[in-house]
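*Asks:* mmCIF, C-alpha atoms and all ligand atoms, saved as upload-v2.cif, coming up:
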data_work
#
loop_
_atom_site.label_atom_id
_atom_site.label_comp_id
_atom_site.auth_asym_id
_atom_site.auth_seq_id
_atom_site.Cartn_x
_atom_site.Cartn_y
_atom_site.Cartn_z
CA MET A 1 14.65 22.10 52.50
CA ARG A 2 16.57 22.66 49.25
CA VAL A 3 17.56 19.71 47.12
CA SER A 4 19.40 19.69 43.79
CA ASP A 5 18.68 17.43 40.86
CA SER A 6 21.38 15.85 38.70
CA ARG A 7 21.47 19.01 36.57
CA GLY A 8 22.08 21.28 39.53
CA VAL A 9 18.57 22.75 39.56
CA ASN A 10 17.22 23.47 43.05
CA TRP A 11 13.87 22.23 44.30
CA THR A 12 12.06 22.25 47.63
CA THR A 13 10.87 19.33 49.72
CA GLY A 14 9.60 18.87 53.26
CA GLU A 15 11.62 15.70 53.89
CA GLU A 16 15.07 14.76 52.62
CA ALA A 17 13.81 11.40 51.43
CA SER A 18 11.28 13.09 49.17
CA ALA A 19 13.92 14.37 46.76
CA ALA A 20 14.55 11.00 45.10
CA ARG A 21 10.82 10.38 44.83
CA LEU A 22 10.20 13.80 43.29
CA PHE A 23 12.94 13.26 40.71
CA ALA A 24 11.62 9.77 39.98
CA ALA A 25 8.18 11.27 39.34
CA MET A 26 9.71 13.87 37.03
CA ASP A 27 11.57 11.11 35.18
CA GLY A 28 8.26 9.26 34.96
CA TYR A 29 6.77 12.30 33.27
CA PHE A 30 9.76 12.75 30.97
CA THR A 31 9.48 9.11 29.85
CA PHE A 32 5.67 9.01 29.61
CA ARG A 33 5.19 6.49 32.42
CA ALA A 34 1.53 5.68 32.97
CA ASP A 35 1.90 5.59 36.75
CA THR A 36 3.41 9.05 37.21
CA LEU A 37 0.30 10.58 38.76
CA ASP A 38 0.04 7.64 41.17
CA GLN A 39 3.70 8.05 42.15
CA LEU A 40 3.13 11.72 42.74
CA GLY A 41 0.00 11.07 44.76
CA LYS A 42 1.90 8.77 47.13
CA LEU A 43 4.74 11.25 47.47
CA LEU A 44 2.39 14.14 48.27
CA GLU A 45 0.49 11.99 50.74
CA ASP A 46 3.71 11.28 52.64
CA ASP A 47 5.19 14.75 52.21
CA PRO A 48 2.76 17.46 51.13
CA ASN A 49 5.47 20.13 51.42
CA VAL A 50 6.83 19.60 47.93
CA PRO A 51 5.81 22.53 45.71
CA ALA A 52 7.10 20.90 42.54
CA GLY A 53 5.05 17.81 43.32
CA TRP A 54 1.85 19.87 43.30
CA ILE A 55 3.02 21.82 40.28
CA LEU A 56 3.72 18.64 38.31
CA ARG A 57 0.40 17.19 39.42
CA GLY A 58 -1.36 20.34 38.15
CA TYR A 59 0.47 20.18 34.83
CA LEU A 60 -0.35 16.49 34.33
CA LEU A 61 -4.01 17.05 35.07
CA LEU A 62 -4.15 19.90 32.56
CA PHE A 63 -2.39 17.78 29.96
CA SER A 64 -5.34 15.37 30.08
CA ARG A 65 -7.38 18.16 28.44
CA ARG A 66 -10.45 16.93 30.32
CA THR A 67 -12.74 19.47 31.91
CA ALA A 68 -13.40 16.87 34.62
CA ASP A 69 -9.77 17.21 35.74
CA LEU A 70 -9.88 21.00 36.11
CA PRO A 71 -11.05 21.06 39.76
CA ALA A 72 -8.20 18.76 40.81
CA ALA A 73 -5.74 20.87 38.81
CA ARG A 74 -7.01 23.99 40.59
CA GLU A 75 -6.59 22.27 43.92
CA ALA A 76 -3.02 21.31 43.01
CA HIS A 77 -2.35 24.94 42.16
CA ALA A 78 -3.82 26.06 45.49
CA ARG A 79 -1.62 23.58 47.37
CA ALA A 80 1.45 24.80 45.51
CA CYS A 81 0.47 28.42 46.22
CA ALA A 82 0.29 27.68 49.92
CA LEU A 83 3.94 26.58 49.78
CA ASP A 84 5.07 29.64 47.87
CA TRP A 85 6.91 31.03 50.90
CA SER A 86 9.25 28.03 50.90
CA ALA A 87 9.67 27.68 47.15
CA THR A 88 12.62 28.61 44.95
CA PRO A 89 12.18 31.54 42.56
CA ALA A 90 11.83 29.08 39.67
CA GLU A 91 9.20 27.08 41.56
CA GLN A 92 7.30 30.29 42.24
CA LEU A 93 7.31 31.00 38.53
CA HIS A 94 6.10 27.46 37.83
CA VAL A 95 3.14 28.17 40.12
CA GLN A 96 2.40 31.30 38.11
CA ALA A 97 2.66 29.37 34.84
CA LEU A 98 0.26 26.76 36.16
CA LYS A 99 -2.18 29.54 37.04
CA ALA A 100 -1.87 31.11 33.60
CA TRP A 101 -2.55 27.73 31.99
CA LEU A 102 -5.53 27.18 34.30
CA ASP A 103 -6.82 30.56 33.14
CA ALA A 104 -6.46 29.43 29.50
CA ASP A 105 -3.69 31.98 29.00
CA ALA A 106 -1.47 29.74 26.89
CA LEU A 107 0.81 32.53 25.71
CA GLY A 108 1.16 33.95 29.21
CA ALA A 109 2.25 30.53 30.48
CA GLN A 110 4.80 30.32 27.67
CA ARG A 111 6.31 33.66 28.70
CA ILE A 112 6.66 32.47 32.29
CA TRP A 113 8.43 29.27 31.21
CA ASP A 114 10.62 31.50 29.04
CA ALA A 115 11.53 33.46 32.15
CA ILE A 116 12.36 30.29 34.10
CA LEU A 117 14.56 28.95 31.34
CA THR A 118 16.33 32.24 30.77
CA ASP A 119 17.74 32.03 34.30
CA THR A 120 17.61 28.25 34.79
CA PRO A 121 18.20 26.71 31.36
CA HIS A 122 18.58 23.20 32.78
CA ASP A 123 15.11 23.12 34.33
CA LEU A 124 13.99 20.11 32.32
CA LEU A 125 10.48 20.23 33.78
CA ALA A 126 9.98 23.74 32.41
CA MET A 127 11.42 22.71 29.06
CA ARG A 128 9.25 19.63 28.77
CA VAL A 129 6.01 21.36 29.70
CA GLN A 130 6.80 24.33 27.49
CA HIS A 131 7.61 22.11 24.51
CA PHE A 132 4.47 20.00 24.80
CA THR A 133 2.15 22.94 25.31
CA ALA A 134 3.89 24.78 22.45
CA MET A 135 3.06 21.78 20.24
CA MET A 136 -0.56 22.84 20.57
CA LEU A 137 0.04 26.48 19.61
CA GLY A 138 0.33 25.68 15.91
CA ARG A 139 3.41 27.88 15.67
CA PRO A 140 6.34 25.98 14.11
CA ASP A 141 8.44 29.15 14.26
CA TYR A 142 7.99 29.23 18.01
CA LEU A 143 8.86 25.54 18.42
CA ARG A 144 11.95 26.19 16.31
CA THR A 145 12.97 29.00 18.63
CA LEU A 146 12.77 26.69 21.62
CA ALA A 147 15.04 24.19 19.85
CA GLY A 148 17.68 26.78 19.06
CA ARG A 149 17.68 28.11 22.59
CA SER A 150 18.06 24.69 24.17
CA LEU A 151 20.93 23.58 21.93
CA ALA A 152 22.95 26.59 23.01
CA THR A 153 22.78 25.66 26.68
CA TRP A 154 22.92 21.85 26.71
CA ASP A 155 25.52 19.31 25.67
CA ASP A 156 25.99 15.57 26.10
CA ALA A 157 27.59 16.03 29.51
CA VAL A 158 24.42 17.42 31.10
CA PRO A 159 22.24 14.59 32.47
CA GLY A 160 19.03 14.42 30.47
CA ALA A 161 20.50 16.01 27.32
CA GLY A 162 18.90 13.21 25.31
CA PHE A 163 15.46 14.51 26.22
CA VAL A 164 16.46 17.96 25.03
CA TYR A 165 17.77 16.63 21.72
CA GLY A 166 14.49 14.76 21.19
CA MET A 167 12.54 17.99 21.66
CA ALA A 168 14.93 19.93 19.46
CA CYS A 169 14.49 17.25 16.81
CA MET A 170 10.73 17.82 16.89
CA GLY A 171 11.12 21.59 16.66
CA LEU A 172 13.45 21.31 13.69
CA GLU A 173 11.28 18.69 11.98
CA GLU A 174 8.22 20.92 12.17
CA ALA A 175 10.33 23.70 10.66
CA GLY A 176 11.33 21.38 7.78
CA GLU A 177 15.00 21.02 8.79
CA TYR A 178 14.92 17.26 8.48
CA ALA A 179 18.59 16.25 8.30
CA ARG A 180 19.64 18.15 11.41
CA ALA A 181 16.47 17.09 13.18
CA GLU A 182 17.14 13.42 12.54
CA ALA A 183 20.74 13.60 13.74
CA LEU A 184 19.60 15.19 16.99
CA GLY A 185 16.72 12.77 17.49
CA ARG A 186 18.95 9.76 16.93
CA ARG A 187 21.48 11.17 19.41
CA GLY A 188 18.63 11.76 21.87
CA ALA A 189 17.49 8.14 21.56
CA GLU A 190 21.08 6.97 22.13
CA LEU A 191 21.60 9.07 25.22
CA GLU A 192 18.13 8.37 26.65
CA PRO A 193 17.03 5.00 25.32
CA ASP A 194 13.89 5.30 27.43
CA ASP A 195 12.81 8.55 25.78
CA LEU A 196 9.76 7.91 23.62
CA TRP A 197 9.87 11.49 22.35
CA SER A 198 13.23 11.08 20.61
CA VAL A 199 11.94 7.92 18.93
CA HIS A 200 8.76 9.77 18.06
CA SER A 201 10.50 12.84 16.64
CA VAL A 202 12.69 10.78 14.33
CA ALA A 203 9.53 8.92 13.21
CA HIS A 204 8.11 12.32 12.24
CA VAL A 205 11.17 13.03 10.10
CA MET A 206 10.78 9.70 8.33
CA GLU A 207 7.05 10.26 7.84
CA ALA A 208 7.61 13.75 6.45
CA GLU A 209 10.23 12.43 4.04
CA GLY A 210 8.12 9.44 2.99
CA ARG A 211 10.66 6.88 4.26
CA MET A 212 8.02 4.31 5.16
CA MET A 213 10.07 1.11 5.31
CA GLU A 214 12.79 2.84 7.31
CA GLY A 215 10.09 4.17 9.59
CA LEU A 216 8.67 0.71 10.24
CA ALA A 217 12.16 -0.57 11.04
CA TRP A 218 12.82 2.43 13.32
CA MET A 219 9.73 1.64 15.37
CA GLU A 220 11.08 -1.81 16.25
CA ARG A 221 12.25 -1.52 19.83
CA PRO A 222 13.53 -4.01 22.39
CA SER A 223 10.87 -6.09 24.13
CA GLY A 224 9.64 -4.27 27.20
CA PHE A 225 10.26 -0.83 25.67
CA TRP A 226 6.56 -0.09 25.44
CA GLU A 227 5.50 -1.48 28.80
CA GLY A 228 4.08 0.85 31.42
CA ARG A 229 3.78 3.84 29.10
CA GLY A 230 0.87 6.25 28.99
CA PRO A 231 -1.05 7.55 25.97
CA MET A 232 2.15 8.39 24.09
CA ARG A 233 2.54 4.68 23.41
CA HIS A 234 -0.73 4.74 21.47
CA HIS A 235 0.51 7.74 19.54
CA LEU A 236 3.69 5.88 18.57
CA LEU A 237 1.55 2.96 17.43
CA TRP A 238 -0.39 5.46 15.32
CA HIS A 239 2.87 6.52 13.71
CA GLU A 240 3.68 2.92 12.93
CA ALA A 241 0.25 2.46 11.37
CA LEU A 242 0.77 5.66 9.39
CA PHE A 243 3.84 4.16 7.74
CA LEU A 244 1.70 1.21 6.62
CA TYR A 245 -0.97 3.54 5.27
CA GLU A 246 1.48 5.81 3.46
CA ALA A 247 3.06 2.74 1.86
CA GLY A 248 -0.37 1.75 0.53
CA ARG A 249 -0.62 -1.39 2.68
CA TYR A 250 -4.23 -0.76 3.60
CA ASP A 251 -5.20 -4.29 4.64
CA HIS A 252 -2.32 -4.37 7.08
CA ALA A 253 -3.21 -0.88 8.23
CA LEU A 254 -6.82 -1.76 8.96
CA ASP A 255 -5.76 -4.93 10.73
CA TYR A 256 -3.23 -2.91 12.71
CA TYR A 257 -5.97 -0.48 13.70
CA ASP A 258 -8.17 -3.28 14.99
CA ARG A 259 -5.35 -4.93 16.87
CA TRP A 260 -3.51 -1.96 18.32
CA LEU A 261 -5.30 1.33 17.92
CA ALA A 262 -9.03 0.75 18.42
CA PRO A 263 -9.80 1.85 21.97
CA ALA A 264 -11.07 -0.82 24.36
CA GLU A 265 -12.46 1.81 26.70
CA MET A 266 -13.02 5.57 26.79
CA PRO A 267 -9.87 6.90 25.11
CA ASP A 268 -7.85 9.95 26.14
CA TYR A 269 -8.10 12.82 23.66
CA LEU A 270 -4.80 12.04 21.95
CA SER A 271 -5.66 8.39 21.31
CA MET A 272 -9.11 9.43 20.13
CA SER A 273 -7.58 11.95 17.72
CA ASP A 274 -5.14 9.37 16.40
CA CYS A 275 -7.92 6.88 15.75
CA VAL A 276 -10.10 9.45 13.99
CA SER A 277 -7.36 10.79 11.79
CA PHE A 278 -6.25 7.28 10.88
CA LEU A 279 -9.72 6.13 9.87
CA VAL A 280 -10.30 9.32 7.84
CA ARG A 281 -7.14 8.50 5.90
CA LEU A 282 -8.29 4.94 5.25
CA GLU A 283 -11.75 6.07 4.13
CA VAL A 284 -10.20 8.55 1.71
CA ALA A 285 -8.03 5.70 0.40
CA GLY A 286 -11.22 3.77 -0.34
CA VAL A 287 -11.18 1.48 2.69
CA ALA A 288 -14.63 1.29 4.29
CA CYS A 289 -14.21 1.54 8.04
CA CYS A 290 -17.87 0.65 8.67
CA ASP A 291 -18.99 0.33 12.26
CA ARG A 292 -15.62 1.46 13.58
CA TRP A 293 -16.97 4.99 13.19
CA GLY A 294 -20.01 4.24 15.31
CA VAL A 295 -17.83 2.82 18.08
CA LEU A 296 -15.52 5.85 18.03
CA ALA A 297 -18.42 8.29 17.86
CA GLU A 298 -19.71 6.94 21.17
CA SER A 299 -16.54 8.27 22.75
CA GLY A 300 -16.74 11.42 20.64
CA ARG A 301 -20.15 12.23 22.07
CA GLU A 302 -18.58 12.21 25.54
CA MET A 303 -16.29 15.01 24.34
CA ILE A 304 -18.98 17.34 22.99
CA ASP A 305 -19.39 19.33 26.19
CA GLY A 306 -16.59 21.47 27.60
CA ARG A 307 -14.12 23.41 25.43
CA VAL A 308 -10.48 23.13 26.43
CA LEU A 309 -8.58 22.36 23.26
CA THR A 310 -9.51 23.06 19.64
CA PHE A 311 -7.21 20.26 18.44
CA LYS A 312 -9.39 17.82 20.35
CA ASP A 313 -12.58 19.45 19.04
CA VAL A 314 -11.43 19.21 15.42
CA HIS A 315 -11.15 15.45 15.76
CA THR A 316 -14.44 15.19 17.63
CA LEU A 317 -16.13 17.08 14.79
CA LEU A 318 -14.60 14.66 12.31
CA VAL A 319 -15.72 11.53 14.13
CA LEU A 320 -19.27 12.80 14.57
CA ALA A 321 -19.48 13.71 10.89
CA MET A 322 -17.95 10.45 9.68
CA ALA A 323 -20.40 8.51 11.86
CA GLY A 324 -23.29 10.56 10.43
CA ASP A 325 -24.25 11.95 13.82
CA ARG A 326 -25.94 15.18 12.69
CA GLU A 327 -27.35 16.00 16.10
CA GLY A 328 -23.97 15.62 17.81
CA LEU A 329 -22.26 17.58 15.07
CA GLN A 330 -24.79 20.38 15.41
CA ARG A 331 -24.36 20.51 19.17
CA LEU A 332 -20.61 20.71 18.98
CA SER A 333 -20.79 23.25 16.13
CA ALA A 334 -22.99 25.52 18.24
CA SER A 335 -20.76 25.11 21.28
CA LEU A 336 -17.64 25.94 19.25
CA ALA A 337 -19.29 28.99 17.71
CA GLY A 338 -20.17 30.31 21.17
CA TYR A 339 -16.69 29.54 22.47
CA ALA A 340 -15.07 31.32 19.54
CA HIS A 341 -17.38 34.29 19.87
CA ASP A 342 -17.19 34.78 23.63
CA GLY A 343 -13.71 33.47 24.44
CA GLN A 344 -10.62 35.61 24.72
CA SER A 345 -8.08 32.81 24.78
CA PHE A 346 -5.61 31.64 22.18
CA ASP A 347 -7.58 28.41 21.94
CA ALA A 348 -10.90 30.22 21.43
CA GLU A 349 -9.24 32.07 18.57
CA ALA A 350 -8.17 28.74 17.09
CA ALA A 351 -11.74 27.51 17.41
CA GLY A 352 -12.93 30.49 15.39
CA ARG A 353 -10.28 30.08 12.72
CA VAL A 354 -10.41 26.31 12.28
CA GLY A 355 -13.15 24.64 14.35
CA VAL A 356 -16.08 26.76 13.22
CA PRO A 357 -15.36 26.65 9.47
CA LEU A 358 -14.53 22.94 9.65
CA ALA A 359 -17.86 22.31 11.38
CA ALA A 360 -19.66 24.17 8.58
CA ALA A 361 -17.79 22.16 5.95
CA LEU A 362 -18.62 18.86 7.62
CA ARG A 363 -22.29 19.81 7.83
CA ALA A 364 -22.29 20.76 4.15
CA ARG A 365 -20.73 17.42 3.27
CA LEU A 366 -23.32 15.56 5.33
CA ASP A 367 -26.01 17.52 3.49
CA GLY A 368 -24.68 16.19 0.21
CA ASP A 369 -22.73 19.27 -0.83
CA PRO A 370 -19.04 18.27 -1.13
CA ALA A 371 -18.37 21.25 -3.41
CA GLY A 372 -19.63 23.59 -0.69
CA ALA A 373 -17.53 21.73 1.87
CA ALA A 374 -14.44 22.08 -0.35
CA ASP A 375 -15.10 25.81 -0.77
CA LEU A 376 -15.33 26.30 2.98
CA LEU A 377 -12.11 24.38 3.58
CA LEU A 378 -10.29 26.16 0.77
CA ALA A 379 -11.17 29.45 2.40
CA THR A 380 -9.62 28.36 5.69
CA ARG A 381 -6.86 25.89 4.74
CA PHE A 382 -3.97 28.22 5.53
CA ALA A 383 -5.41 28.67 9.01
CA PHE A 384 -5.25 24.91 9.67
CA PRO A 385 -1.99 25.27 11.67
CA HIS A 386 -3.96 27.16 14.31
CA MET A 387 -5.49 23.87 15.42
CA GLY A 388 -2.08 22.93 16.85
CA GLY A 389 -0.46 19.50 16.81
CA SER A 390 2.16 18.33 14.34
CA LYS A 391 2.19 18.62 10.57
CA ALA A 392 1.41 14.90 10.38
CA GLN A 393 -1.63 15.38 12.59
CA ARG A 394 -2.93 18.42 10.71
CA ASP A 395 -2.43 16.56 7.46
CA VAL A 396 -5.82 14.96 8.02
CA LEU A 397 -7.55 18.23 7.12
CA ASP A 398 -5.64 18.58 3.84
CA ILE A 399 -6.50 14.98 3.01
CA TYR A 400 -10.15 15.59 3.84
CA LEU A 401 -10.18 18.71 1.65
CA ILE A 402 -8.80 16.68 -1.27
CA ASN A 403 -11.50 14.11 -0.66
CA CYS A 404 -14.20 16.80 -0.75
CA ALA A 405 -12.84 18.11 -4.04
CA ILE A 406 -12.81 14.61 -5.56
CA ALA A 407 -16.32 13.87 -4.27
CA SER A 408 -17.55 17.13 -5.80
CA GLY A 409 -16.42 15.96 -9.25
CA ASN A 410 -14.20 19.00 -9.71
CA ILE A 411 -11.34 17.26 -11.52
CA SER A 412 -9.18 20.31 -12.09
CA LEU A 413 -9.38 21.39 -8.45
CA SER A 414 -8.69 17.84 -7.28
CA ARG A 415 -5.69 17.56 -9.57
CA ARG A 416 -4.34 20.90 -8.39
CA LEU A 417 -4.68 19.98 -4.72
CA LEU A 418 -3.09 16.58 -5.27
CA HIS A 419 -0.16 18.16 -7.08
CA GLU A 420 0.30 20.57 -4.19
CA TYR A 421 0.16 17.70 -1.72
CA LEU A 422 2.52 15.44 -3.64
CA ASP A 423 5.05 18.21 -4.11
CA LEU A 424 5.46 18.17 -0.34
CA ARG A 425 5.03 14.40 0.08
CA PRO A 426 6.03 12.78 -3.21
CA ASN A 427 6.16 9.26 -1.74
CA SER A 428 2.56 9.23 -0.53
CA VAL A 429 1.12 6.13 -2.19
CA PRO A 430 -2.51 6.98 -1.25
CA MET A 431 -2.30 10.39 -2.89
CA GLN A 432 -0.40 9.02 -5.90
CA GLU A 433 -3.31 6.63 -6.32
CA ARG A 434 -5.89 9.41 -6.07
CA LEU A 435 -4.01 11.34 -8.74
CA SER A 436 -3.72 8.33 -11.02
CA GLU A 437 -7.46 7.83 -10.79
CA LEU A 438 -7.93 11.37 -12.07
CA VAL A 439 -5.31 11.15 -14.78
CA PRO A 440 -5.43 7.74 -16.47
CA ALA A 441 -2.05 6.66 -17.78
FE FE A 501 3.44 12.48 16.39
#
How does the structure come out when it is put into structure tokens?
*Replies:*
Amino acid sequence: MRVSDSRGVNWTTGEEASAARLFAAMDGYFTFRADTLDQLGKLLEDDPNVPAGWILRGYLLLFSRRTADLPAAREAHARACALDWSATPAEQLHVQALKAWLDADALGAQRIWDAILTDTPHDLLAMRVQHFTAMMLGRPDYLRTLAGRSLATWDDAVPGAGFVYGMACMGLEEAGEYARAEALGRRGAELEPDDLWSVHSVAHVMEAEGRMMEGLAWMERPSGFWEGRGPMRHHLLWHEALFLYEAGRYDHALDYYDRWLAPAEMPDYLSMSDCVSFLVRLEVAGVACCDRWGVLAESGREMIDGRVLTFKDVHTLLVLAMAGDREGLQRLSASLAGYAHDGQSFDAEAAGRVGVPLAAALRARLDGDPAGAADLLLATRFAFPHMGGSKAQRDVLDIYLINCAIASGNISLSRRLLHEYLDLRPNSVPMQERLSELVPA
């Protein structure tokens, strides 16, 4: 049967009572609830004739970026396919997008979500999935396009507009349009107080503009705000820690890492990446992170096999190198080289452009050749965006390059790179310090 959500978008269910549960699961996804997959599982157990339930399940499993989840994602796709006869045209396109994503055709999936949103601009599921997968394309111009499109077709009166403003904020922030981005993100957080992404996108604006104290204040949320969230909560904590680091409060930052960021169990790829990139920053700032690297590398070694996302692999390379695990680094380097050579996908191309040269640079650094590492990174630095993620996340590679230059003793190169960095981020206390060490007052 056909059911309509609060935005007037049609969906299909087997039972009338399933509609509310499907929309609750979608809301759970939109607000990063940790129990969304469980909710979906119960719904699909009671009513398996819900195409969007299987579609969302497939999407969520692919978002984990774990090869172990691929069989279940394929099964979800197969279950959705079997319901194709009953599905709406938009749901049928979602099934095709899920298939494209399963086939590692990231750009093909984007085009299918484009098609859905051209005819059904208020399909928030399509918008959300498209936005988050586009975050990993390393194409700020594309993210910017999505923002412009959405703002033309949504206004405050459409339920869920706050989510859209939060995504538009992120798209504009990555394009450097900070003032407009912040206004939208703040409006998004007002309209949807439960939307972590609006909070997150405004945090990105403040980080990009070096407004550290404002950023710390912005992250203060009502008690209970963080409860029941999935990995995005950890990412928001990372942003909070980043404000401490950028302000030069390293003791607090390290303490914050130990209390809030250090994983107690096998982390998801996003939390792992956050931890790695945070510790790299602290090391470059002169804070010895000691056995924290060894602990993280244990999880990193679990991520060596199976290529699904170059962004994840970049951070795995970093943790293995920082922990001094030459054997693990070599294994992942070889795997990435084969993936880049044999693969046809957008991600395999990213592996060739960023993962492979980064792996070579990290090996050179481990072999005591920071100048060689700097050369390798200099040759590939303008390809860094291909790794995907946000500017703040990719920043770790620029910081690591600066560190290689400093370690090589090349003062003029170090000074040049620091000037370039500080021109973009003049309030960065850690990089101001690095520069002052090179140029005594
Ligand atoms: Fe972020």
*Asks:* Could you check which of A:Gly210, A:Gly389, A:Gly355, A:Gly338 is closest to ligand FE 501 (chain A), using only C-alpha atoms and all ligand atoms?
*Replies:*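 Checking each of A:Gly210, A:Gly389, A:Gly355, A:Gly338 against ligand FE 501 (chain A), counting only C-alpha atoms and all ligand atoms, the winner is A:Gly389.
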*Asks:* Taking all atoms listed in the file into account, name the residue in A:Ala247, A:Leu117, A:Leu137, A:Val295 that is nearest to Ala350 of chain A.
*Replies:*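 Closest to Ala350 of chain A of all the choices is A:Leu137.
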*Asks:* Considering only C-alpha atoms and all ligand atoms, give me a table of residues in chain A that are at most 8 Å from ligand FE 501 (chain A), with the closest atom pair and distance in Å for each, as a Markdown table.
*Replies:*
| residue | atom | partner | partner_atom | distance |
| --- | --- | --- | --- | --- |
| A:His200 | CA | A:FE501 | FE | 6.2 |
| A:Ser201 | CA | A:FE501 | FE | 7.1 |
| A:Ala203 | CA | A:FE501 | FE | 7.7 |
| A:His204 | CA | A:FE501 | FE | 6.2 |
| A:His235 | CA | A:FE501 | FE | 6.4 |
| A:Leu236 | CA | A:FE501 | FE | 7.0 |
| A:His239 | CA | A:FE501 | FE | 6.6 |
| A:Ser390 | CA | A:FE501 | FE | 6.3 |
| A:Ala392 | CA | A:FE501 | FE | 6.8 |
| A:Gln393 | CA | A:FE501 | FE | 7.0 |
*Asks:* So which residues are close to (-21.5, 20.4, 7.3), meaning at most 10 Å away in the file's coordinates with all atoms listed in the file counted, and can you show them as a ChimeraX atom specification?
*Replies:* /A:317,321,326,329-330,333,357-370,372-373,376
*Asks:* Would you list the contacts of Ala115 of chain A as a tab-separated table (two decimals) with C-alpha atoms, in the frame of the given file, taking every protein, DNA or RNA residue within 12 Å and counting all atoms listed in the file, but skipping same-chain residues closer than 2 positions in sequence?
*Replies:*
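So around38.tsv came out as:
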chain	number	residue	atom	x	y	z
A	89	PRO	CA	12.18	31.54	42.56
A	90	ALA	CA	11.83	29.08	39.67
A	91	GLU	CA	9.20	27.08	41.56
A	92	GLN	CA	7.30	30.29	42.24
A	93	LEU	CA	7.31	31.00	38.53
A	94	HIS	CA	6.10	27.46	37.83
A	96	GLN	CA	2.40	31.30	38.11
A	97	ALA	CA	2.66	29.37	34.84
A	108	GLY	CA	1.16	33.95	29.21
A	109	ALA	CA	2.25	30.53	30.48
A	110	GLN	CA	4.80	30.32	27.67
A	111	ARG	CA	6.31	33.66	28.70
A	112	ILE	CA	6.66	32.47	32.29
A	113	TRP	CA	8.43	29.27	31.21
A	117	LEU	CA	14.56	28.95	31.34
A	118	THR	CA	16.33	32.24	30.77
A	119	ASP	CA	17.74	32.03	34.30
A	120	THR	CA	17.61	28.25	34.79
A	121	PRO	CA	18.20	26.71	31.36
A	123	ASP	CA	15.11	23.12	34.33
A	126	ALA	CA	9.98	23.74	32.41
A	127	MET	CA	11.42	22.71	29.06
A	130	GLN	CA	6.80	24.33	27.49
*Asks:* Point out the residue among A:Glu207, A:Val280, A:Asp27, A:Leu151 with the least atom-to-atom distance to Tyr178 of chain A, counting all atoms listed in the file.
*Replies:*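 With all atoms listed in the file as the atom set, the closest residue is A:Glu207.
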*Asks:* When distances are computed from all atoms listed in the file, which of A:Met213, A:Gly409, A:Arg79, A:Leu196 shows the smallest separation from Phe225 of chain A?
*Replies:* A:Leu196
*Asks:* Quick check, in Å to one decimal: how far apart do atom CA of Leu377 of chain A and atom CA of Asn403 of chain A lie?
*Replies:*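 Spanning atom CA of Leu377 of chain A to atom CA of Asn403 of chain A is a straight-line distance of 11.1 Å.
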*Asks:* Considering only C-alpha atoms, can you say which of A:Val396, A:Ala82, A:Ala337, A:Ile402 comes closest to Ala371 of chain A?
*Replies:*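 Among A:Val396, A:Ala82, A:Ala337, A:Ile402, it is A:Ile402 that comes nearest to Ala371 of chain A.
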*Asks:* May I ask for the distance between atom CA of Glu437 of chain A and atom CA of Glu214 of chain A, given in Å to one decimal place?
*Replies:*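 According to the coordinates, atom CA of Glu437 of chain A and atom CA of Glu214 of chain A are separated by 27.6 Å.
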*Asks:* Grab the atom CA of Val50 of chain A to atom CA of Met135 of chain A distance for me, in Å with one decimal place.
*Replies:*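 Atom CA of Met135 of chain A lies 28.0 Å from atom CA of Val50 of chain A.
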*Asks:* Nearest to Tyr165 of chain A: which of A:Ala73, A:Leu237, A:Leu418, A:Val199 is it, counting all atoms listed in the file?
*Replies:*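 Looking at the shortest contact to Tyr165 of chain A, the residue is A:Val199.
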*Asks:* Near Leu61 of chain A, within 10 Å and counting only C-alpha atoms, which residues show up once chain neighbours fewer than 5 positions away are dropped, as a PyMOL selection string?
*Replies:* chain A and resi 37+55-56+66-74+76
*Asks:* Dump C-alpha atoms for the selected residues as an mmCIF file, in the frame of the given file?
*Replies:*
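Contents of the output file again_35.cif:
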data_model
loop_
_atom_site.group_PDB
_atom_site.id
_atom_site.type_symbol
_atom_site.label_atom_id
_atom_site.label_comp_id
_atom_site.auth_asym_id
_atom_site.auth_seq_id
_atom_site.Cartn_x
_atom_site.Cartn_y
_atom_site.Cartn_z
ATOM 1 C CA LEU A 37 0.300 10.580 38.760
ATOM 2 C CA ILE A 55 3.020 21.820 40.280
ATOM 3 C CA LEU A 56 3.720 18.640 38.310
ATOM 4 C CA ARG A 66 -10.450 16.930 30.320
ATOM 5 C CA THR A 67 -12.740 19.470 31.910
ATOM 6 C CA ALA A 68 -13.400 16.870 34.620
ATOM 7 C CA ASP A 69 -9.770 17.210 35.740
ATOM 8 C CA LEU A 70 -9.880 21.000 36.110
ATOM 9 C CA PRO A 71 -11.050 21.060 39.760
ATOM 10 C CA ALA A 72 -8.200 18.760 40.810
ATOM 11 C CA ALA A 73 -5.740 20.870 38.810
ATOM 12 C CA ARG A 74 -7.010 23.990 40.590
ATOM 13 C CA ALA A 76 -3.020 21.310 43.010
#
*Asks:* May I have the protein, DNA and RNA residues with an atom at most 12 Å from (-7.3, -3.6, 5.4), counting only C-alpha atoms in the file's coordinates, returned as an MDAnalysis selection string?
*Replies:* chainID A and resid 241 244:245 248:259 279 282:283 285:290
*Asks:* Could you give me, as a PyMOL selection string, the residues within 12 Å of segment 232-234 of chain A, counting all atoms listed in the file and dropping anything in the same chain fewer than 6 positions from it?
*Replies:* chain A and resi 29-34+63-64+132+195-200+219+225-226+240-241+256-257+259-263+267-275
*Asks:* Residues at most 12 Å from Leu83 of chain A, counting only C-alpha atoms, excluding those fewer than 4 positions away in the same chain, as a PyMOL selection string?
*Replies:* chain A and resi 1+12-14+48-55+76-79+87-88+91-92+95
